[in-house]
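Structure file start_1.cif with mmCIF, C-alpha atoms and all ligand atoms:
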data_protein
loop_
_atom_site.label_atom_id
_atom_site.label_comp_id
_atom_site.auth_asym_id
_atom_site.auth_seq_id
_atom_site.Cartn_x
_atom_site.Cartn_y
_atom_site.Cartn_z
CA MET A 1 -3.57 19.21 -111.59
CA TRP A 2 -4.57 15.70 -112.51
CA GLN A 3 -7.49 16.92 -114.61
CA ARG A 4 -5.10 18.98 -116.67
CA ALA A 5 -2.72 16.07 -117.12
CA GLU A 6 -5.45 13.54 -117.92
CA PRO A 7 -5.20 13.76 -121.76
CA THR A 8 -1.42 13.21 -121.57
CA TYR A 9 -1.97 10.35 -119.15
CA GLN A 10 -4.40 8.69 -121.57
CA ARG A 11 -1.73 8.98 -124.27
CA ILE A 12 0.78 7.39 -121.88
CA LEU A 13 -1.49 4.37 -121.31
CA GLN A 14 -1.89 3.93 -125.06
CA HIS A 15 1.81 4.21 -125.77
CA PRO A 16 3.20 1.19 -127.68
CA PHE A 17 5.96 0.84 -125.06
CA LEU A 18 3.46 0.17 -122.25
CA LEU A 19 1.10 -1.87 -124.45
CA GLY A 20 4.09 -4.01 -125.45
CA LEU A 21 5.23 -4.29 -121.83
CA ALA A 22 1.80 -5.64 -120.80
CA GLU A 23 1.52 -7.95 -123.80
CA GLY A 24 5.09 -9.18 -123.43
CA THR A 25 5.86 -8.15 -127.03
CA LEU A 26 8.12 -5.21 -126.16
CA PRO A 27 11.61 -5.90 -127.55
CA ARG A 28 14.10 -6.59 -124.77
CA GLU A 29 16.40 -4.00 -126.38
CA SER A 30 13.80 -1.27 -125.80
CA PHE A 31 13.32 -2.33 -122.18
CA GLY A 32 17.10 -2.39 -121.75
CA TYR A 33 17.32 1.15 -123.12
CA PHE A 34 14.61 2.18 -120.65
CA VAL A 35 16.33 0.59 -117.64
CA VAL A 36 19.67 2.19 -118.51
CA GLN A 37 18.07 5.60 -119.00
CA ASP A 38 16.04 5.15 -115.83
CA SER A 39 19.28 4.56 -113.91
CA HIS A 40 20.53 7.93 -115.11
CA TYR A 41 17.14 9.45 -114.41
CA LEU A 42 16.97 8.11 -110.84
CA ARG A 43 20.41 9.50 -110.01
CA ALA A 44 19.21 13.00 -110.89
CA TYR A 45 15.76 12.45 -109.43
CA SER A 46 17.11 11.48 -106.01
CA ARG A 47 19.18 14.67 -105.95
CA CYS A 48 16.06 16.69 -106.84
CA LEU A 49 14.23 15.10 -103.91
CA SER A 50 17.19 15.95 -101.67
CA LEU A 51 16.91 19.56 -102.81
CA LEU A 52 13.20 19.58 -101.92
CA SER A 53 14.05 18.05 -98.54
CA ALA A 54 16.67 20.72 -97.83
CA ARG A 55 14.39 23.52 -98.95
CA ALA A 56 11.34 22.40 -96.94
CA LEU A 57 10.63 24.11 -93.63
CA PRO A 58 8.29 21.78 -91.68
CA GLU A 59 9.89 18.61 -90.32
CA GLU A 60 7.55 16.22 -92.08
CA PRO A 61 8.35 17.10 -95.73
CA VAL A 62 12.07 17.40 -94.82
CA ARG A 63 11.92 13.82 -93.59
CA MET A 64 9.67 12.53 -96.36
CA PHE A 65 11.70 13.84 -99.30
CA ALA A 66 14.99 12.77 -97.65
CA LEU A 67 13.57 9.24 -97.30
CA HIS A 68 12.32 9.22 -100.87
CA ALA A 69 15.70 10.44 -102.10
CA ALA A 70 17.39 7.52 -100.33
CA ASN A 71 14.75 5.14 -101.69
CA ALA A 72 15.36 6.33 -105.25
CA VAL A 73 19.07 5.49 -104.81
CA ASP A 74 18.10 2.06 -103.45
CA VAL A 75 15.72 1.42 -106.35
CA GLU A 76 18.44 2.42 -108.77
CA ARG A 77 20.79 -0.05 -107.10
CA GLU A 78 18.44 -2.98 -106.53
CA LEU A 79 16.03 -2.97 -109.46
CA HIS A 80 18.72 -2.16 -111.91
CA ALA A 81 21.48 -4.29 -110.46
CA SER A 82 19.14 -7.26 -110.88
CA LEU A 83 17.47 -6.23 -114.17
CA LEU A 84 20.49 -5.02 -116.10
CA PRO A 85 22.47 -8.29 -116.03
CA GLU A 86 19.32 -10.20 -117.09
CA LEU A 87 19.06 -7.84 -120.05
CA GLY A 88 22.67 -8.56 -120.97
CA ILE A 89 23.86 -5.10 -119.89
CA ASP A 90 26.88 -4.70 -117.63
CA PRO A 91 26.05 -2.08 -114.93
CA ALA A 92 29.65 -0.90 -115.31
CA ASP A 93 28.69 0.29 -118.83
CA LEU A 94 26.08 2.78 -117.57
CA ASP A 95 28.45 5.74 -117.63
CA ARG A 96 29.83 4.81 -121.02
CA ILE A 97 26.30 4.63 -122.48
CA GLY A 98 25.38 7.92 -120.79
CA ALA A 99 22.09 9.80 -120.56
CA GLY A 100 20.16 10.15 -123.83
CA PRO A 101 18.57 13.38 -125.12
CA THR A 102 15.19 12.96 -123.41
CA THR A 103 16.72 11.85 -120.10
CA THR A 104 19.02 14.87 -120.18
CA ALA A 105 16.18 17.25 -121.03
CA TYR A 106 13.83 15.83 -118.40
CA THR A 107 16.36 15.71 -115.56
CA SER A 108 17.69 19.17 -116.43
CA TYR A 109 14.18 20.60 -116.22
CA LEU A 110 13.49 18.87 -112.90
CA THR A 111 16.79 19.99 -111.42
CA ALA A 112 16.32 23.59 -112.58
CA VAL A 113 12.82 23.85 -111.06
CA CYS A 114 13.81 22.15 -107.79
CA ALA A 115 16.91 24.36 -107.45
CA THR A 116 15.63 27.72 -108.64
CA GLY A 117 11.81 27.59 -108.52
CA SER A 118 9.77 28.10 -105.38
CA TRP A 119 9.37 25.07 -103.11
CA ALA A 120 5.78 24.59 -104.32
CA GLU A 121 6.97 24.66 -107.93
CA GLY A 122 9.51 21.94 -107.13
CA VAL A 123 6.82 19.76 -105.54
CA ALA A 124 4.59 20.25 -108.59
CA ALA A 125 7.44 19.32 -110.94
CA VAL A 126 8.29 16.03 -109.17
CA LEU A 127 4.69 15.00 -108.54
CA PRO A 128 4.03 13.38 -111.97
CA CYS A 129 7.08 11.12 -111.49
CA TYR A 130 5.28 9.56 -108.54
CA TRP A 131 1.72 9.86 -109.73
CA VAL A 132 2.07 8.72 -113.33
CA TYR A 133 4.05 5.64 -112.25
CA ARG A 134 1.44 4.73 -109.67
CA GLU A 135 -1.39 4.98 -112.20
CA VAL A 136 0.62 3.07 -114.81
CA GLY A 137 1.60 0.44 -112.21
CA ARG A 138 -2.01 0.01 -111.10
CA THR A 139 -3.39 -0.23 -114.63
CA LEU A 140 -0.72 -2.62 -115.84
CA LEU A 141 -1.00 -4.78 -112.72
CA GLU A 142 -4.58 -5.68 -113.73
CA ARG A 143 -3.19 -7.61 -116.69
CA SER A 144 0.48 -7.87 -115.61
CA SER A 145 2.70 -9.37 -118.32
CA PRO A 146 3.47 -12.86 -119.63
CA ASP A 147 7.14 -11.82 -119.53
CA PRO A 148 8.34 -12.42 -115.92
CA LEU A 149 10.93 -9.65 -116.20
CA TYR A 150 8.29 -7.12 -117.24
CA ALA A 151 5.88 -8.47 -114.59
CA ARG A 152 8.52 -7.79 -111.92
CA TRP A 153 8.89 -4.19 -113.04
CA ILE A 154 5.09 -3.73 -113.05
CA GLU A 155 4.82 -5.13 -109.51
CA THR A 156 7.24 -2.50 -108.16
CA TYR A 157 5.05 0.39 -109.21
CA GLY A 158 1.71 -1.36 -108.73
CA SER A 159 2.58 -2.25 -105.12
CA PRO A 160 0.65 -0.99 -102.06
CA GLU A 161 3.98 0.36 -100.71
CA PHE A 162 4.43 2.64 -103.72
CA ASP A 163 0.76 3.61 -103.49
CA ALA A 164 1.27 4.81 -99.88
CA VAL A 165 4.38 6.78 -100.87
CA VAL A 166 2.45 8.59 -103.62
CA ASP A 167 -0.45 9.38 -101.27
CA GLN A 168 2.01 11.18 -98.96
CA VAL A 169 3.29 13.40 -101.77
CA VAL A 170 -0.20 14.14 -103.09
CA ALA A 171 -1.14 15.21 -99.53
CA VAL A 172 1.86 17.57 -99.45
CA ALA A 173 0.81 19.03 -102.81
CA ASP A 174 -2.80 19.43 -101.62
CA ALA A 175 -1.61 21.39 -98.57
CA LEU A 176 0.42 23.90 -100.61
CA GLU A 177 -0.66 27.50 -100.14
CA VAL A 178 0.24 29.54 -103.19
CA SER A 179 -0.75 32.74 -104.97
CA ALA A 180 -2.64 32.55 -108.27
CA ALA A 181 0.56 33.35 -110.20
CA GLU A 182 2.53 30.65 -108.40
CA GLU A 183 -0.29 28.17 -108.89
CA ALA A 184 -0.19 28.82 -112.63
CA ARG A 185 3.55 28.07 -112.64
CA CYS A 186 2.94 24.88 -110.62
CA LEU A 187 0.29 23.71 -113.10
CA GLU A 188 2.65 24.39 -115.96
CA HIS A 189 5.50 22.37 -114.37
CA PHE A 190 3.10 19.52 -113.68
CA ALA A 191 1.95 19.52 -117.31
CA VAL A 192 5.53 19.68 -118.62
CA THR A 193 6.89 16.82 -116.51
CA THR A 194 3.82 14.67 -117.29
CA ARG A 195 4.65 15.25 -120.97
CA TYR A 196 8.28 14.29 -120.25
CA GLU A 197 7.01 11.02 -118.76
CA TRP A 198 5.36 10.22 -122.11
CA MET A 199 8.53 11.27 -123.93
CA PHE A 200 10.66 9.04 -121.68
CA TRP A 201 8.75 5.93 -122.80
CA ASP A 202 8.69 7.17 -126.34
CA ALA A 203 12.49 7.59 -126.33
CA ALA A 204 12.86 3.99 -125.10
CA SER A 205 10.45 2.76 -127.78
CA ARG A 206 12.57 4.36 -130.48
CA ARG A 207 15.87 3.87 -128.61
CA LEU A 208 16.49 7.54 -129.23
CA ALA A 209 20.15 8.52 -129.61
CA TRP A 210 21.82 11.94 -129.83
CA PRO A 211 21.59 13.04 -133.49
CA VAL A 212 25.19 14.23 -133.56
C1 LIG B 301 11.28 8.39 -115.79
C2 LIG B 301 10.77 7.95 -114.46
N1 LIG B 301 9.77 8.63 -113.89
C3 LIG B 301 9.30 8.24 -112.70
C4 LIG B 301 9.83 7.16 -112.04
C5 LIG B 301 9.26 6.71 -110.72
O1 LIG B 301 10.15 6.90 -109.69
C6 LIG B 301 10.89 6.47 -112.67
N2 LIG B 301 11.47 5.39 -112.09
N3 LIG B 301 11.34 6.88 -113.87
#
Represent the structure of the file as structure tokens.
Amino acid sequence: MWQRAEPTYQRILQHPFLLGLAEGTLPRESFGYFVVQDSHYLRAYSRCLSLLSARALPEEPVRMFALHAANAVDVERELHASLLPELGIDPADLDRIGAGPTTTAYTSYLTAVCATGSWAEGVAAVLPCYWVYREVGRTLLERSSPDPLYARWIETYGSPEFDAVVDQVVAVADALEVSAAEEARCLEHFAVTTRYEWMFWDAASRRLAWPV
């Protein structure tokens, strides 16, 4: 899976949003757009993880995805409750601002696969959310950022705690037993959501709005 996503991942690391985050040159307005959109994203993401929890059979993935769903809600509350005011954004304005086009597309795709795909397909679709952020966190942590606000964000995803969380999900993905046809669908979902991760940063870079 990772091999197939590698070219997209390289493009992610070279994206001006992440280069600017590490250099401290990213405009605060772009980061603010990202944090607002990520709030909307995490709301949908936690519900996707709850779906995967409910649809799992063995105890361990039921427990793991339920925990991760709760964690995503906590991250949304904590990270964003502290970051948003520092970016001059009132958390009460989140609903008024709403989810942008890329956020809507990405979360709709995730929700559709987690609700109507096979369980393995759902796991494959959410995996890049974990994996890409871990790799980005790790890579950016090597340099961190001269901007303390950006450095704080980098630390969240470069942390050993997040690393351990991602290892658990990769282990679940490795243990999946699927037919060749289902595996092809899993690979496709993984490629699509990795691409959406690139698009999510790109949308923030350009502060993408609905065209009409
Ligand atoms: C868009 C996006 N993908 C992945 C993560 C990691 O949970 C996040 N916070 N936001």
Rank nothing, just name the residue among A:Leu94, A:Ala115, A:Val132, A:Leu83 nearest to A:Glu6, using only C-alpha atoms. A:Val132
Per-residue nearest contacts of chain A to ligand LIG 301 (chain B) (7 Å; all atoms listed in the file) as CSV:
residue,atom,partner,partner_atom,distance
A:Asp38,CA,B:LIG301,N3,5.4
A:Tyr41,CA,B:LIG301,C1,6.1
A:Leu42,CA,B:LIG301,N2,6.3
A:Ala72,CA,B:LIG301,O1,6.9
A:Cys129,CA,B:LIG301,C3,3.8
A:Tyr130,CA,B:LIG301,C5,5.4
A:Tyr133,CA,B:LIG301,C5,5.5
A:Glu197,CA,B:LIG301,C1,5.8
A:Phe200,CA,B:LIG301,C1,6.0
Residue contacts of A:Ala56 (12 Å, only C-alpha atoms) excluding same-chain residues fewer than 4 positions away, as a list of chain:residue names: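 Counting only C-alpha atoms, the residues come to A:Leu49, A:Ser50, A:Leu51, A:Leu52, A:Glu60, A:Pro61, A:Val62, A:Arg63, A:Met64, A:Phe65, A:Ala66, A:Cys114, A:Ser118, A:Trp119, A:Ala120, A:Gly122, A:Val123, A:Val172, A:Leu176.
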Between A:Thr25, A:Thr104, A:Thr194, A:Thr116, which one has atoms that come closest to A:Ile12, using all atoms listed in the file? A:Thr194
Which residue, A:Leu13, A:Ala44, A:Leu57, A:Ala69, has the smallest gap to A:Thr103 when you use only C-alpha atoms?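 Checking each candidate against A:Thr103, we get A:Ala44 as the closest.
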Please return as a PyMOL selection string every residue within 12 Å of (-0.9, 30.0, -108.4), taking into account all atoms listed in the file and the file's own coordinates. chain A and resi 1+118+120-121+124+176-189
Give the answer as one residue: which of A:Val35, A:Glu155, A:Ala171, A:Arg11 has the shortest atom-to-atom distance to A:Ala81, using only C-alpha atoms?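 Comparing A:Val35, A:Glu155, A:Ala171, A:Arg11 against A:Ala81, the winner is A:Val35.
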